[in-house]
Protein chains: 4
Amino acid sequence: MPLTPEQQAEIDASRSESRQTLRVVSEGLENYLYKAVPCLDHGFVRVIDYMGDDAAIVQAARVSYGAGTKKSRDDKGLIRYLMRHRHSTPFEMCEIKLHVKLPIFVARQWIRHRTANVNEYSARYSVMDKEFYIPQPEHLAAQAVNNRQGRGDVLEGAEAEAVLRILRDDAMSTYDNYQRMLNETFEGETIEEGKTGLARELARMNLTSNVYTQWYWKVDLHNLFHFLSLRADPHAQYEIRVFADAMCEMAKAWVPAAYEAFEEYRLGGGSVSKSGLAAIRRMLAGEEMDAAKAGMSAGEWRELEALLKG
Amino acid sequence: MPLTPEQQAEIDASRSESRQTLRVVSEGLENYLYKAVPCLDHGFVRVIDYMGDDAAIVQAARVSYGAGTKKSRDDKGLIRYLMRHRHSTPFEMCEIKLHVKLPIFVARQWIRHRTANVNEYSARYSVMDKEFYIPQPEHLAAQAVNNRQGRGDVLEGAEAEAVLRILRDDAMSTYDNYQRMLNETFEGETIEEGKTGLARELARMNLTSNVYTQWYWKVDLHNLFHFLSLRADPHAQYEIRVFADAMCEMAKAWVPAAYEAFEEYRLGGGSVSKSGLAAIRRMLAGEEMDAAKAGMSAGEWRELEALLKG
Amino acid sequence: MPLTPEQQAEIDASRSESRQTLRVVSEGLENYLYKAVPCLDHGFVRVIDYMGDDAAIVQAARVSYGAGTKKSRDDKGLIRYLMRHRHSTPFEMCEIKLHVKLPIFVARQWIRHRTANVNEYSARYSVMDKEFYIPQPEHLAAQAVNNRQGRGDVLEGAEAEAVLRILRDDAMSTYDNYQRMLNETFEGETIEEGKTGLARELARMNLTSNVYTQWYWKVDLHNLFHFLSLRADPHAQYEIRVFADAMCEMAKAWVPAAYEAFEEYRLGGGSVSKSGLAAIRRMLAGEEMDAAKAGMSAGEWRELEALLKG
Amino acid sequence: MPLTPEQQAEIDASRSESRQTLRVVSEGLENYLYKAVPCLDHGFVRVIDYMGDDAAIVQAARVSYGAGTKKSRDDKGLIRYLMRHRHSTPFEMCEIKLHVKLPIFVARQWIRHRTANVNEYSARYSVMDKEFYIPQPEHLAAQAVNNRQGRGDVLEGAEAEAVLRILRDDAMSTYDNYQRMLNETFEGETIEEGKTGLARELARMNLTSNVYTQWYWKVDLHNLFHFLSLRADPHAQYEIRVFADAMCEMAKAWVPAAYEAFEEYRLGGGSVSKSGLAAIRRMLAGEEMDAAKAGMSAGEWRELEALLKG
């Protein structure tokens with residue numbers, strides 16, 4: 001379970017106090033506020049704060065004085081238009097702040113998205129928790145053979161067991177050694193009298209990168225959608241996709257019209273190259289096409305076929 | 001007056017509807033929400049939305065589960081520490097969205113601050129209002145003689161009158177020609193039958209750069225402080241400083257502890273060079289110093305003296 | 001002509017001095033270095049410096065020790081793969097620095113691209129040149145009727161003449177008044193004895209926004225491509241497209257393989273929505289489709305038809 | 001030794017080929033090009049490419065046509081002025097690209113600097129090398145007692161030995177298990193027939209965070225100086241400071257005048273708060289001051305005293 005009773009109590013306390021505001025409110029996202037949505041074995045995402053809603057996108061696009069149009073139908077149409085024509089700035093007018101607990105190797109992918117604000121738990125300053133990501137057996141993917149960046153089938157039997165045993169044992173034993181070098185526990189008790197203890201900023205290097213860290217991460221809606229379009233994608237590594245999927249649900253609750261447009265034009269849509277468009281035109285004119293006729297590599301042709309098959 | 005009765009009515013309507021939220025609320029900034037704070041003759045700044053408060057800075061710095069400490073004294077100390085040691089990321093966890101009406105030549109300075117989100121009123125799409133910045137006589141500064149980037153004394157008498165007449169007349173006559181080329185009024189009526197009207201995206205080039213534009217501008221607190229440290233500074237051009245000063249008041253209402261730290265360590269503080277520190281040390285040891293002894297240029301020495309005189 | 005003889009002499013001097021370097025060199029772009037490529041009536045773009053070439057993209061993608069593969073065929077394939085799959089970071093490893101002279105209303109669109117470095121000629125500090133953009137008669141577009149952001153037919157006869165006369169006269173007369181308020185010419189001579197002269201930072205507000213400014217603009221290749229995909233597009237305003245088109249030629253000379261991939265996957269390609277893909281599938285299966293069947297608005301359907309017609 | 005003979009040969013080949021260019025050349029940095037400057041036990045920094053020199057900063061600040069002034073004395077004065085007054089954009093006109101090999105826990109600090117371009121070696125795609133950072137005994141710092149983020153004395157005797165043994169053993173054994181799970185060596189050979197091998201993107205999670213990774217990192221000079229001001233600082237963690245120190249030498253060779261200004265106004269200078277300035281004024285007037293009189297906390301007063309003691 002990702003939360004201690006104390007943490008759960010703090011969250012409950014935050015949810016129990018409702019306040020008055022003149023700001024716009026997203027009813028859908030208020031339901032999510034502060035709650036931890038579990039991801040992987042010890043991780044979570046929870047919404048800490050947000051700014052704006054669907055109407056705020058419209059209001060900014062129109063640089064208007066009031067709160068946007070009253071007709072939500074017009075708003076929806078404008079939002080679709082903005083998304084379709086890649087007018088990204090109105091989507092930047094909404095902002096969300098998340099608290100995320102995630103393994104370090106996932107954090108390292110995540111942080112590559114630079115247009116966001118981050119405050120991470122400091123392992124220079126504090127002692128890390130003894131929590132490590134250990135995959136479920138059904139996620140123990142083998143290395144893909146044809147595609148070097150990706151997963152193939154799932155490991156089975158003795159090999160799977162051996163892998164899980166290694167991951168668990170190495171996590172535990174490196175953590176124990178981490179504590180031994182620090183000469184203190186997470187709660188700060190000294191382990192052995194007479195020892196000094198290695199600096200935390202050094203001892204942390206002994207932890208394997210499935211150890212959990214956590215951070216506050218704040219991003220605008222445009223950049224959130226960009227993140228989700230890459231990380232909620234089937235080609236993304238499963239362990240980050242789990243977080244992206246949870247955040248998709250949050251975005252849907254927060255800005256339903258914008259999310260619908262995002263699904264229509266980004267998640268569910270596709271890019272077609274110049275040669276791809278030419279090939280589709282010839283196919284619509286009744287011609288049988290293949291990679292050679294289309295002037296495409298085998299890989300590109302497969303990708304186009306996959307897109308057209310759905 | 002910067003607002004039409006319709007706009008004022010929209011603002012009043014926005015302020016009349018209070019909603020429930022679980023988010024943190026800044027009581028101080030709620031008072032500002034939607035109201036237009038006048039700047040220059042036709043401009044304004046108004047807060048459209050915000051995220052976070054002083055406690056949110058602390059909460060992010062600690063990556064905590066609940067709402068920050070209860071003891072506001074501890075929070076204040078931590079905020080001062082963060083500001084002093086340039087730990088900027090916790091300040092990025094607060095965000096504000098403003099609606100600003102400002103002359104184009106001010107907008108051109110403002111937009112140089114890149115880490116912000118902007119939606120500007122489109123003169124490709126819409127007709128510009130007939131509103132131009134005309135300085136008050138006491139702001140008709142002469143070109144500074146010793147310092148080429150800056151203002152000297154105020155123009156007087158006939159010269160001042162002539163300048164004001166030029167600014168007014170050229171603004172009005174170029175605007176009239178703008179309308180004539182468009183062949184439509186701001187409300188969309190055709191001026192002369194039988195004419196086609198020049199494209200708006202072209203006609204706008206005839207407007208002088210004291211014409212007012214407007215935009216939605218969203219920024220995090222760290223970058224707002226950076227903006228204010230440059231633009232609320234006596235060396236900033238008066239016309240942008242007016243806006244910066246108004247925003248300082250808003251920041252003070254929004255995050256009083258952070259603003260106090262900002263005043264202490266940025267606005268009211270100063271940077272001293274290596275040579276400057278060495279000079280101060282010798283002065284504290286009783287030595288009489290001058291530019292030559294300090295190894296500084298005349299300009300640098302003057303700047304140091306000014307800093308030490310206060 | 002955009003350059004004075006002195007400026008041309010400085011450029012010629014820069015081009016006459018060849019130096020030794022161990023860095024990679026793009027032969028194609030060396031030809032462009034320092035030369036001013038004319039844009040509009042008084043503007044230009046010129047390459048001041050660059051970093052990297054096609055091989056540098058490959059080298060970064062592979063995080064390799066040497067200079068990339070020797071087989072340019074492999075490099076090209078990898079570059080196409082990276083572009084197709086939106087792996088943008090290797091393209092960020094090339095950088096270009098341009099000197100651009102452009103009208104202010106174009107500069108205002110341009111600066112909206114935030115991920116770039118800019119140093120603009122300062123009208124607070126210096127006096128502006130008397131150079132204004134006046135469109136060629138064939139670019140005097142009328143306001144589009146069906147689409148409010150865009151151009152329709154070209155103005156003709158007396159209306160065109162009147163527009164050109166206004167643009168010319170207002171530019172000249174506001175500039176003359178600018179000089180009068182400054183009480184100095186561009187070369188610094190006083191116009192009328194006994195007058196003080198208005199501060200430059202104020203006087204500039206009287207200039208119309210077709211006055212030319214200039215800046216140094218530095219950007220990485222990924223963000224240059226993003227800029228070009230928006231500004232070399234038929235929907236971009238003609239006056240910025242002229243600059244984008246000139247920069248496309250430079251990019252082609254600089255990184256021919258990357259530019260070819262950019263043309264194939266961005267400039268010449270297209271995005272298709274989820275509904276659009278579904279519609280194409282049904283059309284390929286022989287079904288007659290229309291907007292209603294596809295579940296698309298009339299506008300969207302037109303856009304899809306246009307894409308499939310080429 | 002951080003490089004294989006093959007890598008060294010590639011570097012030597014790159015250094016042997018000199019080319020002609022019309023671009024500005026920094027003689028000082030040409031000496032550094034491609035060579036690996038060792039950092040820590042297996043790491044390095046090496047310059048891959050650069051753009052601009054001291055004169056380029058001046059040229060951009062002046063938006064000039066030619067190559068900057070001929071008088072390097074004027075250039076130096078302007079560069080000092082720009083640095084002193086925090087005119088950062090001209091420094092953004094220089095760019096450098098580095099290849100860095102560094103432990104993951106250092107990379108995680110480094111990547112927090114967002115305004116840079118990065119391509120990292122992919123552990124999803126490739127097998128990691130068996131190289132881990134093991135501190136020299138003299139860097140085995142104890143946890144500081146008074147300051148929780150920082151280092152105290154150096155560990156000694158049996159405790160030091162035990163720590164080093166743990167770090168070495170855990171690195172080796174987790175790496176061996178990494179290989180075992182992958183069922184392949186770094187060169188790609190299968191370890192045990194009949195096993196499938198875990199996906200690389202999963203197996204990497206078993207590596208401790210002192211394992212070395214590498215990346216291409218590209219940054220402009222302004223942001224490099226910002227990085228160095230934080231990471232070449234005595235408060236920075238030793239392991240990243242080693243890299244920052246090496247980069248300081250490179251910056252000095254590249255842009256000597258800018259680096260000198262950076263040392264004078266940033267590295268060697270200091271910020272003084274409003275209260276600090278007031279205290280200095282009173283001290284210069286002969287008053288004995290302390291924390292209470294200055295209205296400062298004990299910590300702040302200590303910091304001011306340290307600054308004034310040098």
# chains A, B, ... in the order shown; residues from 1 in each chain; ligands from 1
$ closest_atom_pairs --of "chain A" --to "chain D" --cutoff "9 Å" --atoms "only C-alpha atoms" --output "Markdown table"
| residue | atom | partner | partner_atom | distance |
| --- | --- | --- | --- | --- |
| A:Pro103 | CA | D:Met205 | CA | 8.8 |
| A:Ile104 | CA | D:Met205 | CA | 8.3 |
| A:Phe105 | CA | D:Met205 | CA | 6.3 |
| A:Arg108 | CA | D:Arg108 | CA | 7.5 |
| A:Ile111 | CA | D:Ile111 | CA | 7.8 |
| A:Arg112 | CA | D:Ile111 | CA | 8.1 |
| A:His113 | CA | D:Arg114 | CA | 8.9 |
| A:Arg114 | CA | D:Arg114 | CA | 5.6 |
| A:Thr115 | CA | D:Arg114 | CA | 7.8 |
| A:Val118 | CA | D:Arg112 | CA | 8.4 |
| A:Arg124 | CA | D:Gln149 | CA | 5.8 |
| A:Tyr125 | CA | D:Gln149 | CA | 4.7 |
| A:Ser126 | CA | D:Arg148 | CA | 8.0 |
| A:Tyr133 | CA | D:Met205 | CA | 8.7 |
| A:Pro135 | CA | D:Leu202 | CA | 8.8 |
| A:Leu140 | CA | D:Leu198 | CA | 6.9 |
| A:Ala141 | CA | D:Ala199 | CA | 5.8 |
| A:Ala142 | CA | D:Leu198 | CA | 4.3 |
| A:Gln143 | CA | D:Ala199 | CA | 3.6 |
| A:Ala144 | CA | D:Ala199 | CA | 7.0 |
| A:Arg148 | CA | D:Tyr125 | CA | 5.7 |
| A:Gln149 | CA | D:Tyr125 | CA | 4.7 |
| A:Gly150 | CA | D:Ala199 | CA | 7.1 |
| A:Arg151 | CA | D:Ala199 | CA | 5.8 |
| A:Gly152 | CA | D:Ala199 | CA | 7.6 |
| A:Val154 | CA | D:Leu198 | CA | 8.6 |
| A:Leu155 | CA | D:Thr196 | CA | 7.1 |
| A:Glu159 | CA | D:Lys195 | CA | 6.9 |
| A:Ala160 | CA | D:Leu198 | CA | 8.7 |
| A:Ala162 | CA | D:Met181 | CA | 8.1 |
| A:Val163 | CA | D:Met181 | CA | 6.0 |
| A:Ile166 | CA | D:Asn177 | CA | 6.8 |
| A:Leu167 | CA | D:Asn206 | CA | 6.3 |
| A:Asp170 | CA | D:Thr174 | CA | 6.5 |
| A:Ala171 | CA | D:Asn206 | CA | 7.5 |
| A:Ser173 | CA | D:Asp170 | CA | 8.4 |
| A:Thr174 | CA | D:Asp170 | CA | 6.5 |
| A:Asn177 | CA | D:Ile166 | CA | 6.8 |
| A:Tyr178 | CA | D:Ile166 | CA | 8.7 |
| A:Arg180 | CA | D:Val163 | CA | 8.6 |
| A:Met181 | CA | D:Val163 | CA | 6.0 |
| A:Leu182 | CA | D:Gln143 | CA | 7.9 |
| A:Lys195 | CA | D:Glu159 | CA | 7.0 |
| A:Thr196 | CA | D:Ala142 | CA | 6.3 |
| A:Gly197 | CA | D:Ala142 | CA | 5.6 |
| A:Leu198 | CA | D:Ala142 | CA | 4.4 |
| A:Ala199 | CA | D:Gln143 | CA | 3.6 |
| A:Arg200 | CA | D:Gln143 | CA | 6.3 |
| A:Glu201 | CA | D:Gly150 | CA | 7.5 |
| A:Leu202 | CA | D:Leu140 | CA | 7.9 |
| A:Ala203 | CA | D:Leu167 | CA | 8.7 |
| A:Arg204 | CA | D:Ser209 | CA | 7.7 |
| A:Met205 | CA | D:Ser209 | CA | 4.8 |
| A:Asn206 | CA | D:Thr208 | CA | 5.3 |
| A:Leu207 | CA | D:Thr208 | CA | 5.1 |
| A:Thr208 | CA | D:Thr208 | CA | 3.9 |
| A:Ser209 | CA | D:Met205 | CA | 4.8 |
| A:Asn210 | CA | D:Met205 | CA | 5.0 |
| A:Val211 | CA | D:Met205 | CA | 8.5 |
| A:Gln237 | CA | D:Glu201 | CA | 7.7 |
$ select_by_dssp --residues "region 164-210 of chain D" --states "strand (DSSP E or B)" --output "list in words"
Glu184, Thr190, Leu198 and Thr208 of chain D
$ write_last_selection --atoms "N, CA and C atoms" --output "tab-separated table (two decimals), in the first residue's frame"
chain	number	residue	atom	x	y	z
D	184	GLU	N	22.63	-12.00	-21.81
D	184	GLU	CA	23.58	-11.64	-22.86
D	184	GLU	C	24.68	-10.77	-22.25
D	190	THR	N	25.03	-14.64	-25.82
D	190	THR	CA	24.11	-15.28	-24.89
D	190	THR	C	24.91	-15.98	-23.79
D	198	LEU	N	15.45	-11.16	-20.25
D	198	LEU	CA	14.52	-10.09	-19.89
D	198	LEU	C	14.77	-8.87	-20.78
D	208	THR	N	22.68	-0.20	-9.79
D	208	THR	CA	22.75	0.84	-8.76
D	208	THR	C	23.08	2.18	-9.43
$ closest_residue --among "C:Ser271, C:Leu98, C:Arg62, C:Glu92" --to "Ile48 (chain C)" --atoms "only C-alpha atoms"
C:Leu98
$ atom_distance --atom1 "CA of Leu102 (chain A)" --atom2 "CA of Gly52 (chain B)"
23.6 Å
